[in-house]
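Remarks on the structure that follows.
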Amino acid sequence: SNLWKWRQKKKINMKSFMYGLKRGFPIFLGYLPVSFTFGFMAVSGGIPVWAAVLISLTNVTSAGQFAGTNLIFASAGYLEIALTTFVINLRYSLMSLSLSQKIRPDIPIWKRLILSFCITDETFVMASMEPGQIGAGFFGGLITLPFIGWVLGTFLGGTISTLLPAELQSAMGIGLYAMFIALIVPAAREKKNVCFVVLLAVLCSCIIRYVPGLNHISSGFRVILSTIIAAGIGARLFPEPISDAGDTPPESEV
């Protein structure tokens with residue numbers, strides 16, 4: 001009986017993992033050109049290919065990696081690089097807190113720590129859009145291909161950095177923004193409350209960016225403040241009941 005239950009659980013885990021892979025494939029395609037650009041830029045600036053790949057292996061953050069690499073090129077100190085990347089990546093703490101309410105409560109802490117390593121803007125949006133609670137199998141599948149795409153793109157960009165013209169290198173940076181818009185727009189069109197929160201976040205970001213007295217706030221803190229304000233107002237105006245675990249579709253189980 002225990003063996004049968006174990007096999008059934010493994011079968012559900014594999015099904016959820018494969019579903020997560022399917023959901024993460026568009027992110028994989030979007031990460032390839034952006035990480036390619038990072039590898040291209042890093043190696044062109046004098047960083048060895050292995051070091052650029054190591055940066056992508058241990059970070060998985062586009063804005064943080066580009067900013068940190070530019071500071072390295074500018075001969076900035078360790079403290080300046082650490083503080084800059086810390087501020088830029090602060091938004092991931094908010095995403096982690098949000099997803100901690102979304103994932104199944106029976107996931108052990110060691111699995112949560114592993115899965116949290118690859119929380120990005122795109123994987124966060126994709127996981128948040130899943131109905132009901134999500135499990136380790138689904139989220140593990142969701143982050144696998146994006147992680148591979150990020151590292152693979154960095155390697156490819158670094159190894160052929162001398163073969164592409166500068167115009168093509170700069171044009172590749174638009175890929176991530178186009179993919180993120182493609183994730184947000186369908187949800188905003190389907191639900192008015194999502195559209196409201198998105199527009200409110202854009203408005204808050206513009207106010208902080210252009211209003212005198214506020215425009216000195218860094219881009220990292222600007223994202224955090226805009227997110228907190230928009231999400232807080234959205235949660236107040238459009239509260240949603242917490243789904244029971246029994247309402248979770250089969251694809252999102254453990």
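A note on labels: chains of the structure tokens are A, B, ... as shown, every chain counts residues from 1, and ligands are counted from 1 in their shown order.
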Residues of range 29-158 of chain A in helix (DSSP H, G or I), written as number ranges by chain: A: 29-44, 49-59, 62-73, 78-88, 91-100, 109-116, 121-129, 136-158
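Between Tyr92 in chain A and the residues A:Thr61, A:Thr159, A:Ser75, A:Thr69, the shortest atom-to-atom distance, using only C-alpha atoms, involves A:Thr61.
The neighbours of Leu90 in chain A here are the residues that come within 10 Å of it, using only C-alpha atoms and leaving out any residue fewer than 3 positions away in the same chain; they are Thr85, Phe86, Val87, Ser93, Leu94, Met95, Gly220, Phe221, Val223 and Ile224 of chain A.
Taking CA of Leu203 in chain A and CA of Arg222 in chain A as endpoints, the distance between them is 11.4 Å.
Comparing A:Leu156, A:Ala188, A:Ile148, A:Ala76 by their smallest distance to Phe38 in chain A, the closest is A:Leu156 (using only C-alpha atoms).
Nearest to Pro146 in chain A of all the residues A:Leu71, A:Cys118, A:Ala231, A:Leu237 is A:Cys118, counting only C-alpha atoms.
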Contacts of Val151 in chain A at 9 Å (only C-alpha atoms; same-chain gap of 5+ positions) as a PyMOL selection string: chain A and resi 32+35-36+53-57+60+146+156
Would you export the selected residues with C-alpha atoms as a JSON list (two decimals), in the first residue's frame, please?
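part.json was written with the following content:
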```
[["chain", "number", "residue", "atom", "x", "y", "z"],
["A", 32, "LEU", "CA", 18.19, 33.28, -24.64],
["A", 35, "SER", "CA", 21.52, 36.41, -21.69],
["A", 36, "PHE", "CA", 23.27, 36.19, -25.07],
["A", 53, "VAL", "CA", 28.90, 31.93, -17.22],
["A", 54, "LEU", "CA", 29.65, 31.72, -13.48],
["A", 55, "ILE", "CA", 27.93, 35.08, -12.94],
["A", 56, "SER", "CA", 24.79, 33.79, -14.68],
["A", 57, "LEU", "CA", 24.94, 30.49, -12.79],
["A", 60, "VAL", "CA", 19.96, 34.80, -12.67],
["A", 146, "PRO", "CA", 14.56, 29.50, -17.89],
["A", 156, "LEU", "CA", 26.80, 31.34, -26.50]]
```
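For the choices A:Gly234, A:Gly24, A:Pro239, A:Pro33, the atom-to-atom distance to Trp150 in chain A is smallest for A:Pro33 when using only C-alpha atoms.
Excluding Cys195 in chain A itself and any same-chain residue fewer than 4 positions from it, the protein and nucleic acid residues within 12 Å of it, counting only C-alpha atoms, are Ile184, Val185, Pro186, Ala187, Ala188, Arg189, Glu190, Lys191, Leu199, Leu200, Ala201, Val202, Ala230, Ala231, Gly234 and Phe238 of chain A.
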Expected file contents, prior selection, C-alpha atoms, as an mmCIF file, in the first residue's frame:
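File result34.cif, as written:
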```
data_model
loop_
_atom_site.group_PDB
_atom_site.id
_atom_site.type_symbol
_atom_site.label_atom_id
_atom_site.label_comp_id
_atom_site.auth_asym_id
_atom_site.auth_seq_id
_atom_site.Cartn_x
_atom_site.Cartn_y
_atom_site.Cartn_z
ATOM 1 C CA ILE A 184 1.099 40.878 -18.516
ATOM 2 C CA VAL A 185 -1.227 41.995 -21.314
ATOM 3 C CA PRO A 186 -3.430 38.851 -21.527
ATOM 4 C CA ALA A 187 -4.061 38.864 -17.768
ATOM 5 C CA ALA A 188 -4.781 42.612 -17.827
ATOM 6 C CA ARG A 189 -7.243 42.188 -20.693
ATOM 7 C CA GLU A 190 -9.009 39.326 -18.965
ATOM 8 C CA LYS A 191 -9.356 40.919 -15.502
ATOM 9 C CA LEU A 199 -1.686 50.949 -14.674
ATOM 10 C CA LEU A 200 -1.431 52.125 -11.072
ATOM 11 C CA ALA A 201 2.071 50.675 -10.785
ATOM 12 C CA VAL A 202 3.081 52.476 -13.996
ATOM 13 C CA ALA A 230 -0.106 49.322 -6.374
ATOM 14 C CA ALA A 231 -0.367 45.863 -4.805
ATOM 15 C CA GLY A 234 -5.263 46.484 -5.371
ATOM 16 C CA PHE A 238 -10.156 43.776 -4.956
#
```
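If you look at CA of Ile27 in chain A and CA of Gly132 in chain A, they are 21.3 Å away from each other.
Residues lying within 9 Å of Gly68 in chain A, counting only C-alpha atoms and ignoring same-chain neighbours fewer than 3 positions away, are Ala63, Gly64, Gln65, Leu71, Ile72, Phe73, Ile81, Ala82, Thr84 and Thr85 of chain A.
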